[in-house]
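Peer 1: Supplied in structure tokens, the structure appears directly below.
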Amino acid sequence: MNPGDDRCLAVAWITRHPAGIQVVLGTTRPGRVADAAAGLDIPLTRSEWLGLVQAAGHNVP
């Protein structure tokens with residue numbers, strides 16, 4: 001995993017949340033902002049999104 005991958009995946013997950021959650025970055029470092037923006041380009045299906053919820057230990061009906 002590359003250093004920014006976790007930020008990319010987090011942004012991909014948050015922006016595809018059914019509630020329409022918005023990302024708020026707590027950084028002004030250009031590299032971190034670029035990593036977060038790259039998350040918008042990650043294709044994440046509903047099934048993959050739910051899989052991440054389950055991987056975090058939550059039950060999905």
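Note on naming: chains are A, B, ... as they come in the structure tokens, residues start from 1 per chain, ligands start from 1 in the order shown.
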Name all residues at most 9 Å from Arg7 in chain A (count only C-alpha atoms; drop same-chain ones fewer than 3 positions away) and give them as a PDB file with C-alpha atoms, in the first residue's frame.
Peer 2:
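Writing the result to around.pdb gives the following:
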```
ATOM      1  CA  PRO A   3       1.331   6.211   1.764  1.00  0.00           C
ATOM      2  CA  GLY A   4      -1.692   8.035   0.319  1.00  0.00           C
ATOM      3  CA  ALA A  10     -11.415   6.963   2.665  1.00  0.00           C
ATOM      4  CA  VAL A  11     -12.467   9.713   0.263  1.00  0.00           C
ATOM      5  CA  ALA A  12     -13.864   7.147  -2.189  1.00  0.00           C
ATOM      6  CA  ARG A  32      -2.324  15.075   1.179  1.00  0.00           C
ATOM      7  CA  ASP A  35      -4.094  12.023  -2.326  1.00  0.00           C
ATOM      8  CA  ALA A  36      -7.597  12.842  -1.121  1.00  0.00           C
ATOM      9  CA  ALA A  37      -8.628  14.204  -4.524  1.00  0.00           C
ATOM     10  CA  ALA A  38      -7.404  10.983  -6.162  1.00  0.00           C
ATOM     11  CA  GLY A  39     -10.067   9.143  -4.159  1.00  0.00           C
TER      12      GLY A  39
END
```
Peer 1: Could you tell me which of A:Leu40, A:Ala34, A:Arg29, A:Ala56 comes closest to Arg16 in chain A if we count only C-alpha atoms?
Peer 2: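 Going through A:Leu40, A:Ala34, A:Arg29, A:Ala56 one by one, the smallest distance to Arg16 in chain A is for A:Leu40.
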Peer 1: As an MDAnalysis selection string, please: all residues of chain A that backbone DSSP puts in helix (DSSP H, G or I).
Peer 2: chainID A and resid 5:15 30:41 46:55
Peer 1: Quick one: distance from CA of Leu50 in chain A to CA of Ile14 in chain A in Å, one decimal?
Peer 2: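 Here the two named atoms are 11.9 Å from each other.
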Peer 1: Of the candidates A:Gly26, A:Asp6, A:Trp13, A:Gly20, which shows the shortest atom-to-atom distance to Gly51 in chain A, using only C-alpha atoms?
Peer 2: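 Closest residue, counting only C-alpha atoms: A:Trp13.
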